[in-house]
Amino acid sequence: APTTTSPTRAPTTPLPTISPTNPPTIVPTICSGLTDDDRTTAIRAIVVSISPGSIIEEGSSTPQSQAFNWVVNVDQNCPGSDEDNTSIEQRYILAVLYYSTNGADWTDSGAFLSVNLTECLWRIPDPASGDGIFCTDNGTVVNRIAIDDNNLNGTLPSELGSLPSLRALLLDSNENIQGTIPESFKELSNLTFLDLDNNTLSGTIPEFLYGLSALLAVDLNYNDFSGTISSQISQLSNLNFLDLSDNFFNGTIPDVINIMTSLNQLALYENELTGTIPDISSLAELKELFLYGNFLNGTLPSFQNLVNLVELDLGNNIITGPIPDISNLAALEDFFLYENILTGPLPSFQNLGQLVELDLSDNEFTGTIPATIGSLPNLTSLRVHKNVLIGTMPVQICLLTSPPPPLLEDLTADCLGIPPPVECDCCTECF
């Protein structure tokens, strides 16, 4: 994917946490009325309903075989006579996750595979950070797995798709989770949050993902995914957070993005996307839009309906034409259009009272720098170098650099040369 030296902040992932219910402690019991062979047979029947029987055969070194052997030979749970074997199923699935991602090398393995604790206490749920294994139904049914930045190294086991109550799967920032998203995840009909960012997952976005209509947030940022973004993504009508940035996606941004009206954060930066930016005028809830570092061309779309927009970064593309009317973007704090081929005079920006950073560098803007920029009370960075601008830096802007401490700490322009294209005695850097 193309690179950029922009100081832009990447969007964060605001994934709500779920308060845990304190689960009971498991008391080891002897399986009354069952011989060891009967118990093994019963557990095998449970496990085979989740994993293919061939991968748990004796002598196999698969994570599934290791997990099965742990459940049979180490764990002390007994199969239920009422066919409710939720605990055994969950303990097996979480054991597969442990062995599939080299649990022995985790930064913090917590109490994973503890025979004296319910699986809901294998990683103590922390409502503040959202980390841990969260359970509902009086602390017995797993509905959230959040193990981030913990050196998980391996593949995502398909067995996770056999947790029907799972609402959140957050395994981000482990860096070394590899392979593809398992087909079995199509069974996770209750999944609302999927965060796998900062790993080394690859392949395309599986088509079934677009059918998980309960999803509210999908974060696949900073992986090795490729292929195109399907127009079927519009089926995720409840989605409010989508981050597919820093991958190898190509093709165009689908036009149907404009009907995903629940979106408030959209990040597709640092990919290989081409074509024009589609109409986004219906995305009135959008607060963050990051499309920088692609090969997007054409002119800028209308932003006038995006009245909640706070951060907009379209830098490092090949966008042409003038800046459209932005007078309605009163909430905008960061506005980045650097490294494009934009032309025409600069707008006044006078209605953008919340603006903190404005980067218009490395374009082909003409005319003078508007004095009205100096009326922006929160501006800390203004970068207008590498353009075709002329004249003198307005005194109103220079005044922002003088109060102790200065409000405007970063001011750049084409102020080198004799005479310079832009006269600027207050610039922090001249080009």
# chains A, B, ... in the order shown; residues from 1 in each chain; ligands from 1
call {"tool": "select_by_dssp", "arguments": {"residues": "region 287-334 of chain A", "states": "strand (DSSP E or B)", "output": "list of chain:residue names"}}
result
A:Glu288, A:Leu289, A:Phe290, A:Asn297, A:Thr299, A:Glu311, A:Leu312, A:Asp313, A:Thr320, A:Gly321, A:Asp334
call {"tool": "write_last_selection", "arguments": {"atoms": "all heavy atoms", "output": "PDB file, in the first residue's frame"}}
result
ATOM      1  N   GLU A 288     -15.796  10.741  11.358  1.00  0.00           N
ATOM      2  CA  GLU A 288     -14.414  10.560  10.921  1.00  0.00           C
ATOM      3  C   GLU A 288     -14.398   9.905   9.547  1.00  0.00           C
ATOM      4  O   GLU A 288     -15.039   8.876   9.339  1.00  0.00           O
ATOM      5  CB  GLU A 288     -13.631   9.694  11.914  1.00  0.00           C
ATOM      6  CG  GLU A 288     -13.511  10.297  13.311  1.00  0.00           C
ATOM      7  CD  GLU A 288     -12.761   9.394  14.281  1.00  0.00           C
ATOM      8  OE1 GLU A 288     -12.276   8.329  13.842  1.00  0.00           O
ATOM      9  OE2 GLU A 288     -12.661   9.748  15.462  1.00  0.00           O
ATOM     10  N   LEU A 289     -13.646  10.514   8.616  1.00  0.00           N
ATOM     11  CA  LEU A 289     -13.501   9.957   7.273  1.00  0.00           C
ATOM     12  C   LEU A 289     -12.017   9.987   6.913  1.00  0.00           C
ATOM     13  O   LEU A 289     -11.415  11.049   6.781  1.00  0.00           O
ATOM     14  CB  LEU A 289     -14.312  10.770   6.266  1.00  0.00           C
ATOM     15  CG  LEU A 289     -14.191  10.332   4.799  1.00  0.00           C
ATOM     16  CD1 LEU A 289     -14.669   8.888   4.620  1.00  0.00           C
ATOM     17  CD2 LEU A 289     -14.981  11.273   3.891  1.00  0.00           C
ATOM     18  N   PHE A 290     -11.440   8.789   6.769  1.00  0.00           N
ATOM     19  CA  PHE A 290     -10.016   8.655   6.463  1.00  0.00           C
ATOM     20  C   PHE A 290      -9.850   7.846   5.180  1.00  0.00           C
ATOM     21  O   PHE A 290     -10.089   6.633   5.168  1.00  0.00           O
ATOM     22  CB  PHE A 290      -9.282   7.940   7.599  1.00  0.00           C
ATOM     23  CG  PHE A 290      -9.309   8.681   8.909  1.00  0.00           C
ATOM     24  CD1 PHE A 290     -10.337   8.480   9.816  1.00  0.00           C
ATOM     25  CD2 PHE A 290      -8.295   9.571   9.239  1.00  0.00           C
ATOM     26  CE1 PHE A 290     -10.358   9.145  11.030  1.00  0.00           C
ATOM     27  CE2 PHE A 290      -8.307  10.251  10.445  1.00  0.00           C
ATOM     28  CZ  PHE A 290      -9.337  10.047  11.342  1.00  0.00           C
ATOM     29  N   ASN A 297      -9.051   9.473  -7.510  1.00  0.00           N
ATOM     30  CA  ASN A 297      -8.951  10.599  -8.441  1.00  0.00           C
ATOM     31  C   ASN A 297     -10.289  11.306  -8.562  1.00  0.00           C
ATOM     32  O   ASN A 297     -11.193  11.100  -7.759  1.00  0.00           O
ATOM     33  CB  ASN A 297      -8.436  10.113  -9.805  1.00  0.00           C
ATOM     34  CG  ASN A 297      -9.306   8.999 -10.376  1.00  0.00           C
ATOM     35  OD1 ASN A 297     -10.526   9.022 -10.265  1.00  0.00           O
ATOM     36  ND2 ASN A 297      -8.677   8.013 -10.987  1.00  0.00           N
ATOM     37  N   THR A 299     -12.870  14.656  -8.664  1.00  0.00           N
ATOM     38  CA  THR A 299     -13.036  15.833  -7.809  1.00  0.00           C
ATOM     39  C   THR A 299     -13.614  15.443  -6.447  1.00  0.00           C
ATOM     40  O   THR A 299     -14.102  14.325  -6.259  1.00  0.00           O
ATOM     41  CB  THR A 299     -13.958  16.859  -8.476  1.00  0.00           C
ATOM     42  OG1 THR A 299     -15.227  16.233  -8.757  1.00  0.00           O
ATOM     43  CG2 THR A 299     -13.356  17.361  -9.785  1.00  0.00           C
ATOM     44  N   GLU A 311     -13.151  14.819  11.768  1.00  0.00           N
ATOM     45  CA  GLU A 311     -11.847  14.577  11.155  1.00  0.00           C
ATOM     46  C   GLU A 311     -12.036  14.134   9.704  1.00  0.00           C
ATOM     47  O   GLU A 311     -12.802  13.206   9.426  1.00  0.00           O
ATOM     48  CB  GLU A 311     -11.078  13.514  11.926  1.00  0.00           C
ATOM     49  CG  GLU A 311     -10.748  13.921  13.363  1.00  0.00           C
ATOM     50  CD  GLU A 311      -9.864  12.904  14.064  1.00  0.00           C
ATOM     51  OE1 GLU A 311      -8.722  12.709  13.619  1.00  0.00           O
ATOM     52  OE2 GLU A 311     -10.333  12.306  15.040  1.00  0.00           O
ATOM     53  N   LEU A 312     -11.294  14.787   8.794  1.00  0.00           N
ATOM     54  CA  LEU A 312     -11.381  14.480   7.363  1.00  0.00           C
ATOM     55  C   LEU A 312      -9.967  14.458   6.799  1.00  0.00           C
ATOM     56  O   LEU A 312      -9.275  15.470   6.806  1.00  0.00           O
ATOM     57  CB  LEU A 312     -12.228  15.530   6.642  1.00  0.00           C
ATOM     58  CG  LEU A 312     -12.316  15.436   5.113  1.00  0.00           C
ATOM     59  CD1 LEU A 312     -12.925  14.102   4.693  1.00  0.00           C
ATOM     60  CD2 LEU A 312     -13.126  16.594   4.542  1.00  0.00           C
ATOM     61  N   ASP A 313      -9.542  13.297   6.328  1.00  0.00           N
ATOM     62  CA  ASP A 313      -8.203  13.164   5.739  1.00  0.00           C
ATOM     63  C   ASP A 313      -8.313  12.454   4.399  1.00  0.00           C
ATOM     64  O   ASP A 313      -8.613  11.256   4.333  1.00  0.00           O
ATOM     65  CB  ASP A 313      -7.273  12.394   6.675  1.00  0.00           C
ATOM     66  CG  ASP A 313      -5.817  12.465   6.209  1.00  0.00           C
ATOM     67  OD1 ASP A 313      -5.584  12.784   5.030  1.00  0.00           O
ATOM     68  OD2 ASP A 313      -4.918  12.198   7.021  1.00  0.00           O
ATOM     69  N   THR A 320      -8.361  16.045  -8.013  1.00  0.00           N
ATOM     70  CA  THR A 320      -8.215  17.311  -8.735  1.00  0.00           C
ATOM     71  C   THR A 320      -9.392  18.238  -8.442  1.00  0.00           C
ATOM     72  O   THR A 320     -10.343  17.870  -7.764  1.00  0.00           O
ATOM     73  CB  THR A 320      -8.136  17.052 -10.241  1.00  0.00           C
ATOM     74  OG1 THR A 320      -9.320  16.339 -10.668  1.00  0.00           O
ATOM     75  CG2 THR A 320      -6.924  16.207 -10.603  1.00  0.00           C
ATOM     76  N   GLY A 321      -9.287  19.462  -8.995  1.00  0.00           N
ATOM     77  CA  GLY A 321     -10.382  20.416  -8.879  1.00  0.00           C
ATOM     78  C   GLY A 321     -10.310  21.245  -7.616  1.00  0.00           C
ATOM     79  O   GLY A 321      -9.369  21.130  -6.817  1.00  0.00           O
ATOM     80  N   ASP A 334      -9.978  18.580  12.210  1.00  0.00           N
ATOM     81  CA  ASP A 334      -8.802  18.244  11.401  1.00  0.00           C
ATOM     82  C   ASP A 334      -9.211  18.117   9.945  1.00  0.00           C
ATOM     83  O   ASP A 334     -10.094  17.313   9.611  1.00  0.00           O
ATOM     84  CB  ASP A 334      -8.181  16.919  11.870  1.00  0.00           C
ATOM     85  CG  ASP A 334      -7.667  16.995  13.297  1.00  0.00           C
ATOM     86  OD1 ASP A 334      -7.238  18.084  13.718  1.00  0.00           O
ATOM     87  OD2 ASP A 334      -7.691  15.958  13.992  1.00  0.00           O
TER      88      ASP A 334
END
call {"tool": "residues_around", "arguments": {"residues": "Ile50 (chain A)", "least_positions_apart": "3", "cutoff": "8 Å", "atoms": "only C-alpha atoms", "output": "PDB file with all heavy atoms, in the first residue's frame"}}
result
ATOM      1  N   ILE A  46     -19.439 -34.904  22.026  1.00  0.00           N
ATOM      2  CA  ILE A  46     -19.637 -33.457  22.125  1.00  0.00           C
ATOM      3  C   ILE A  46     -18.645 -32.727  21.227  1.00  0.00           C
ATOM      4  O   ILE A  46     -18.997 -31.824  20.460  1.00  0.00           O
ATOM      5  CB  ILE A  46     -19.482 -32.989  23.591  1.00  0.00           C
ATOM      6  CG1 ILE A  46     -20.582 -33.597  24.462  1.00  0.00           C
ATOM      7  CG2 ILE A  46     -19.512 -31.460  23.674  1.00  0.00           C
ATOM      8  CD1 ILE A  46     -20.345 -33.407  25.955  1.00  0.00           C
ATOM      9  N   VAL A  47     -17.384 -33.127  21.313  1.00  0.00           N
ATOM     10  CA  VAL A  47     -16.317 -32.448  20.574  1.00  0.00           C
ATOM     11  C   VAL A  47     -16.456 -32.651  19.075  1.00  0.00           C
ATOM     12  O   VAL A  47     -16.234 -31.722  18.285  1.00  0.00           O
ATOM     13  CB  VAL A  47     -14.944 -32.929  21.086  1.00  0.00           C
ATOM     14  CG1 VAL A  47     -13.827 -32.478  20.155  1.00  0.00           C
ATOM     15  CG2 VAL A  47     -14.701 -32.426  22.500  1.00  0.00           C
ATOM     16  N   GLU A 159     -13.528 -23.327  15.415  1.00  0.00           N
ATOM     17  CA  GLU A 159     -14.401 -23.687  16.540  1.00  0.00           C
ATOM     18  C   GLU A 159     -15.064 -22.484  17.188  1.00  0.00           C
ATOM     19  O   GLU A 159     -16.124 -22.613  17.820  1.00  0.00           O
ATOM     20  CB  GLU A 159     -13.590 -24.471  17.578  1.00  0.00           C
ATOM     21  CG  GLU A 159     -13.266 -25.903  17.209  1.00  0.00           C
ATOM     22  CD  GLU A 159     -12.175 -26.028  16.154  1.00  0.00           C
ATOM     23  OE1 GLU A 159     -11.485 -25.014  15.867  1.00  0.00           O
ATOM     24  OE2 GLU A 159     -12.001 -27.140  15.618  1.00  0.00           O
ATOM     25  N   SER A 162     -18.711 -21.873  16.845  1.00  0.00           N
ATOM     26  CA  SER A 162     -19.681 -22.697  17.576  1.00  0.00           C
ATOM     27  C   SER A 162     -20.042 -22.092  18.931  1.00  0.00           C
ATOM     28  O   SER A 162     -20.493 -22.806  19.831  1.00  0.00           O
ATOM     29  CB  SER A 162     -19.118 -24.114  17.772  1.00  0.00           C
ATOM     30  OG  SER A 162     -18.975 -24.774  16.534  1.00  0.00           O
TER      31      SER A 162
END
call {"tool": "select_by_dssp", "arguments": {"residues": "region 123-242 of chain A", "states": "helix (DSSP H, G or I)", "output": "PyMOL selection string"}}
result
chain A and resi 158-162+183-187+207-211+231-235
call {"tool": "residues_around", "arguments": {"residues": "Leu239 (chain A)", "least_positions_apart": "5", "cutoff": "10 Å", "atoms": "only C-alpha atoms", "output": "list of chain:residue names"}}
result
A:Thr192, A:Phe193, A:Ser213, A:Ala214, A:Leu215, A:Leu216, A:Ala217, A:Val218, A:Ile233, A:Ser234, A:Met260, A:Thr261, A:Ser262, A:Leu263, A:Asn264, A:Gln265
call {"tool": "atom_distance", "arguments": {"atom1": "CA of Cys120 (chain A)", "atom2": "CA of Arg167 (chain A)"}}
result
14.8 Å
call {"tool": "residues_around", "arguments": {"residues": "region 357-369 of chain A", "least_positions_apart": "6", "cutoff": "7 Å", "atoms": "only C-alpha atoms", "output": "PyMOL selection string"}}
result
chain A and resi 333-346+379-391+393
call {"tool": "residues_around", "arguments": {"residues": "Pro182 (chain A)", "least_positions_apart": "2", "cutoff": "9 Å", "atoms": "only C-alpha atoms", "output": "list of chain:residue names"}}
result
A:Leu156, A:Pro157, A:Ser158, A:Glu159, A:Leu160, A:Gly161, A:Gly179, A:Thr180, A:Ser184, A:Phe185, A:Lys186, A:Pro206
call {"tool": "residues_around", "arguments": {"residues": "Ile205 (chain A)", "least_positions_apart": "3", "cutoff": "8 Å", "atoms": "only C-alpha atoms", "output": "ChimeraX atom specification"}}
result
/A:181,209,225-227,229
call {"tool": "write_last_selection", "arguments": {"atoms": "N, CA, C and O atoms", "output": "tab-separated table (two decimals), in the first residue's frame"}}
result
chain	number	residue	atom	x	y	z
A	181	ILE	N	-10.16	-15.54	7.76
A	181	ILE	CA	-11.31	-15.58	8.67
A	181	ILE	C	-12.08	-16.87	8.38
A	181	ILE	O	-12.51	-17.10	7.25
A	209	LEU	N	-19.48	-12.54	5.72
A	209	LEU	CA	-19.37	-11.48	6.71
A	209	LEU	C	-20.43	-10.41	6.48
A	209	LEU	O	-20.96	-9.82	7.43
A	225	PHE	N	-5.09	-8.19	4.15
A	225	PHE	CA	-6.26	-8.50	3.33
A	225	PHE	C	-6.11	-7.87	1.94
A	225	PHE	O	-5.45	-6.84	1.77
A	226	SER	N	-6.74	-8.49	0.96
A	226	SER	CA	-6.67	-7.99	-0.41
A	226	SER	C	-8.02	-8.19	-1.09
A	226	SER	O	-9.00	-8.57	-0.46
A	227	GLY	N	-8.05	-7.92	-2.40
A	227	GLY	CA	-9.30	-8.04	-3.14
A	227	GLY	C	-10.08	-6.73	-3.11
A	227	GLY	O	-9.55	-5.68	-2.72
A	229	ILE	N	-13.68	-4.36	-2.20
A	229	ILE	CA	-14.73	-4.17	-1.19
A	229	ILE	C	-16.07	-4.35	-1.90
A	229	ILE	O	-16.44	-3.55	-2.75
call {"tool": "closest_residue", "arguments": {"among": "A:Ile55, A:Ala267, A:Ser202, A:Asp75", "to": "Asn116 (chain A)", "atoms": "only C-alpha atoms"}}
result
A:Asp75
call {"tool": "atom_distance", "arguments": {"atom1": "CA of Asn85 (chain A)", "atom2": "CA of Pro52 (chain A)"}}
result
18.0 Å
call {"tool": "residues_around", "arguments": {"residues": "Pro301 (chain A)", "least_positions_apart": "4", "cutoff": "9 Å", "atoms": "only C-alpha atoms", "output": "PDB file with N, CA and C atoms, in the first residue's frame"}}
result
ATOM      1  N   THR A 276     -13.157   7.407  -8.169  1.00  0.00           N
ATOM      2  CA  THR A 276     -13.535   8.639  -7.474  1.00  0.00           C
ATOM      3  C   THR A 276     -14.143   8.333  -6.109  1.00  0.00           C
ATOM      4  N   ILE A 277     -14.163   9.347  -5.266  1.00  0.00           N
ATOM      5  CA  ILE A 277     -14.872   9.227  -3.995  1.00  0.00           C
ATOM      6  C   ILE A 277     -16.368   9.309  -4.299  1.00  0.00           C
ATOM      7  N   PRO A 278     -17.145   8.289  -3.936  1.00  0.00           N
ATOM      8  CA  PRO A 278     -18.564   8.302  -4.279  1.00  0.00           C
ATOM      9  C   PRO A 278     -19.343   9.349  -3.487  1.00  0.00           C
ATOM     10  N   ASP A 279     -20.580   9.523  -3.868  1.00  0.00           N
ATOM     11  CA  ASP A 279     -21.481  10.415  -3.136  1.00  0.00           C
ATOM     12  C   ASP A 279     -21.613   9.920  -1.698  1.00  0.00           C
ATOM     13  N   ILE A 280     -21.353  10.796  -0.748  1.00  0.00           N
ATOM     14  CA  ILE A 280     -21.481  10.434   0.669  1.00  0.00           C
ATOM     15  C   ILE A 280     -22.412  11.414   1.383  1.00  0.00           C
ATOM     16  N   SER A 281     -23.235  12.076   0.618  1.00  0.00           N
ATOM     17  CA  SER A 281     -24.070  13.144   1.185  1.00  0.00           C
ATOM     18  C   SER A 281     -25.118  12.642   2.160  1.00  0.00           C
ATOM     19  N   PRO A 324     -14.783  22.097  -2.522  1.00  0.00           N
ATOM     20  CA  PRO A 324     -16.199  22.465  -2.594  1.00  0.00           C
ATOM     21  C   PRO A 324     -16.620  23.271  -1.370  1.00  0.00           C
TER      22      PRO A 324
END
call {"tool": "closest_residue", "arguments": {"among": "A:Leu306, A:Leu236, A:Ala371, A:Leu283", "to": "Leu399 (chain A)", "atoms": "only C-alpha atoms"}}
result
A:Ala371
